[in-house]
Amino acid sequence: MRLLVAEDDTVIADALVRALRAAGHAVDHAPDGGTADTALATTPYDLLVLDLGLPQRDGLDVLARLRARGATLPVLILTARDALRDRVIGLDTGADDYLVKPFDLPEFEARVRALLRRGRDAQSRRIVLGRLHVDLEGRSAWIDGERLALSAREFGVLELLLRRRGRVVSKDALLEALTGWDEAVGTNAIEVYVHRLRRKVEAAGVAIRTLRGLGYLIEAGTTAAADAAIAHPPADDADA
Ligand code: CA
């Protein structure tokens with residue numbers, strides 16, 4: 001993990017950098033807001049520790065610019081004891097947690113661990129396969145940045161196939177995943193959803209293979225399988 005500590009107080013900064021390095025992280029130190037802003041714009045960090053009272057460019061400004069660039073890394077802000085308003089604005093601006101100075105190192109380390117865990121969870125909600133990008137939480141998919149038009153059920157099928165990528169997903173498992181909807185879904189409907197989905201994702205170099213009697217398998221880079229599927233529309237799915 002690569003972390004950035006933006007803190008102008010050298011005593012505090014040294015202590016934080018040392019603690020994070022001892023925990024096995026690569027750590028950069030920015031002593032002012034301008035340096036922090038440049039580092040964040042050019043280096044992919046996994047977490048930012050951000051003092052709000054920074055020279056050159058204050059912490060809230062650094063934070064606002066970071067989020068405006070679309071960066072989603074977790075941010076832990078450090079504030080003075082009496083700056084309640086700063087904490088509120090900081091959280092509103094996109095900070096994930098805050099610590100009030102002075103704080104104990106063990107608490108700092110615990111907050112960092114929690115934020116890094118949360119960051120990893122968020123990553124696992126985004127899946128990239130071939131040129132297909134899927135945000136499971138936002139329930140959206142893109143090919144080369146262009147949003148894919150998927151029905152809720154097509155997305156449901158895609159989600160299950162992706163969550164179990166590398167493995168065969170049975171038609172029954174898909175059926176089960178789509179039940180609980182307002183109307184019953186039959187196995188024929190599953191075949192239709194898979195067929196439609198297959199045609200939509202093939203442009204991303206993603207294939208949904210039919211394994212007769214077993215189910216479906218999603219994978220990247222095997223256009224031959226996708227071609228075969230297109231050449232034999234739904235009938236190809238009938239025995240899955
Ligand atoms: Ca400061």
# chains A, B, ... in the order shown; residues from 1 in each chain; ligands from 1
call {"tool": "residues_near_ligand", "arguments": {"ligand": "ligand 1", "cutoff": "8 Å", "atoms": "only C-alpha atoms and all ligand atoms", "output": "list in words"}}
result
Glu7, Asp8, Asp9, Asp51, Leu52, Gly53, Leu54 and Pro55 of chain A
call {"tool": "residues_around", "arguments": {"residues": "Phe103 (chain A)", "least_positions_apart": "5", "cutoff": "12 Å", "atoms": "only C-alpha atoms", "output": "PyMOL selection string"}}
result
chain A and resi 12+15-16+78-81+98+108-111
call {"tool": "atom_distance", "arguments": {"atom1": "CA of Asp14 (chain A)", "atom2": "CA of Ala26 (chain A)"}}
result
13.9 Å
call {"tool": "select_by_dssp", "arguments": {"residues": "region 86-168 of chain A", "states": "helix (DSSP H, G or I)", "output": "VMD selection string"}}
result
chain A and resid 86 to 93 105 to 124 152 to 163
call {"tool": "atom_distance", "arguments": {"atom1": "CA of Glu191 (chain A)", "atom2": "CA of Lys171 (chain A)"}}
result
8.3 Å
call {"tool": "closest_residue", "arguments": {"among": "A:Val17, A:Ala36, A:Val206, A:Val5", "to": "Leu48 (chain A)", "atoms": "only C-alpha atoms"}}
result
A:Val5
call {"tool": "residues_around", "arguments": {"residues": "region 116-131 of chain A", "least_positions_apart": "6", "cutoff": "12 Å", "atoms": "only C-alpha atoms", "output": "PyMOL selection string"}}
result
chain A and resi 1-3+25+45-49+71-76+96-97+109-110+137-148+158-166+201-208+218-223
call {"tool": "decode", "arguments": {"residues": "region 119-159 of chain A", "atoms": "C-alpha atoms", "output": "PDB file, in the first residue's frame"}}
result
ATOM      1  CA  GLY A 119     -10.944   0.795   0.424  1.00  0.00           C
ATOM      2  CA  ARG A 120     -10.309  -2.821  -0.472  1.00  0.00           C
ATOM      3  CA  ASP A 121     -14.016  -3.662  -0.075  1.00  0.00           C
ATOM      4  CA  ALA A 122     -14.927  -0.810  -2.418  1.00  0.00           C
ATOM      5  CA  GLN A 123     -12.417  -2.130  -4.967  1.00  0.00           C
ATOM      6  CA  SER A 124     -14.018  -5.564  -4.850  1.00  0.00           C
ATOM      7  CA  ARG A 125     -17.319  -3.988  -5.856  1.00  0.00           C
ATOM      8  CA  ARG A 126     -15.748  -2.943  -9.154  1.00  0.00           C
ATOM      9  CA  ILE A 127     -14.917  -5.659 -11.648  1.00  0.00           C
ATOM     10  CA  VAL A 128     -12.981  -5.379 -14.896  1.00  0.00           C
ATOM     11  CA  LEU A 129     -13.138  -8.193 -17.430  1.00  0.00           C
ATOM     12  CA  GLY A 130     -11.698  -7.627 -20.896  1.00  0.00           C
ATOM     13  CA  ARG A 131     -12.786  -4.080 -21.730  1.00  0.00           C
ATOM     14  CA  LEU A 132     -15.929  -4.440 -19.652  1.00  0.00           C
ATOM     15  CA  HIS A 133     -16.050  -2.368 -16.445  1.00  0.00           C
ATOM     16  CA  VAL A 134     -18.777  -3.178 -13.950  1.00  0.00           C
ATOM     17  CA  ASP A 135     -19.754  -1.278 -10.811  1.00  0.00           C
ATOM     18  CA  LEU A 136     -21.715  -3.803  -8.752  1.00  0.00           C
ATOM     19  CA  GLU A 137     -22.818  -1.207  -6.221  1.00  0.00           C
ATOM     20  CA  GLY A 138     -23.921   1.357  -8.817  1.00  0.00           C
ATOM     21  CA  ARG A 139     -25.352  -1.471 -10.946  1.00  0.00           C
ATOM     22  CA  SER A 140     -23.795  -0.083 -14.118  1.00  0.00           C
ATOM     23  CA  ALA A 141     -21.514  -1.465 -16.816  1.00  0.00           C
ATOM     24  CA  TRP A 142     -19.324   0.263 -19.410  1.00  0.00           C
ATOM     25  CA  ILE A 143     -17.354  -0.733 -22.496  1.00  0.00           C
ATOM     26  CA  ASP A 144     -14.511   1.691 -23.214  1.00  0.00           C
ATOM     27  CA  GLY A 145     -16.220   4.272 -21.033  1.00  0.00           C
ATOM     28  CA  GLU A 146     -19.539   3.970 -22.853  1.00  0.00           C
ATOM     29  CA  ARG A 147     -22.398   2.911 -20.648  1.00  0.00           C
ATOM     30  CA  LEU A 148     -24.062  -0.356 -21.537  1.00  0.00           C
ATOM     31  CA  ALA A 149     -27.870  -0.451 -21.639  1.00  0.00           C
ATOM     32  CA  LEU A 150     -28.812  -3.444 -19.498  1.00  0.00           C
ATOM     33  CA  SER A 151     -32.172  -4.381 -18.018  1.00  0.00           C
ATOM     34  CA  ALA A 152     -32.222  -5.079 -14.275  1.00  0.00           C
ATOM     35  CA  ARG A 153     -32.409  -8.811 -14.961  1.00  0.00           C
ATOM     36  CA  GLU A 154     -29.625  -8.773 -17.510  1.00  0.00           C
ATOM     37  CA  PHE A 155     -27.515  -6.993 -14.900  1.00  0.00           C
ATOM     38  CA  GLY A 156     -28.531  -9.621 -12.338  1.00  0.00           C
ATOM     39  CA  VAL A 157     -27.292 -12.383 -14.655  1.00  0.00           C
ATOM     40  CA  LEU A 158     -24.072 -10.476 -15.368  1.00  0.00           C
ATOM     41  CA  GLU A 159     -23.448  -9.890 -11.667  1.00  0.00           C
TER      42      GLU A 159
END
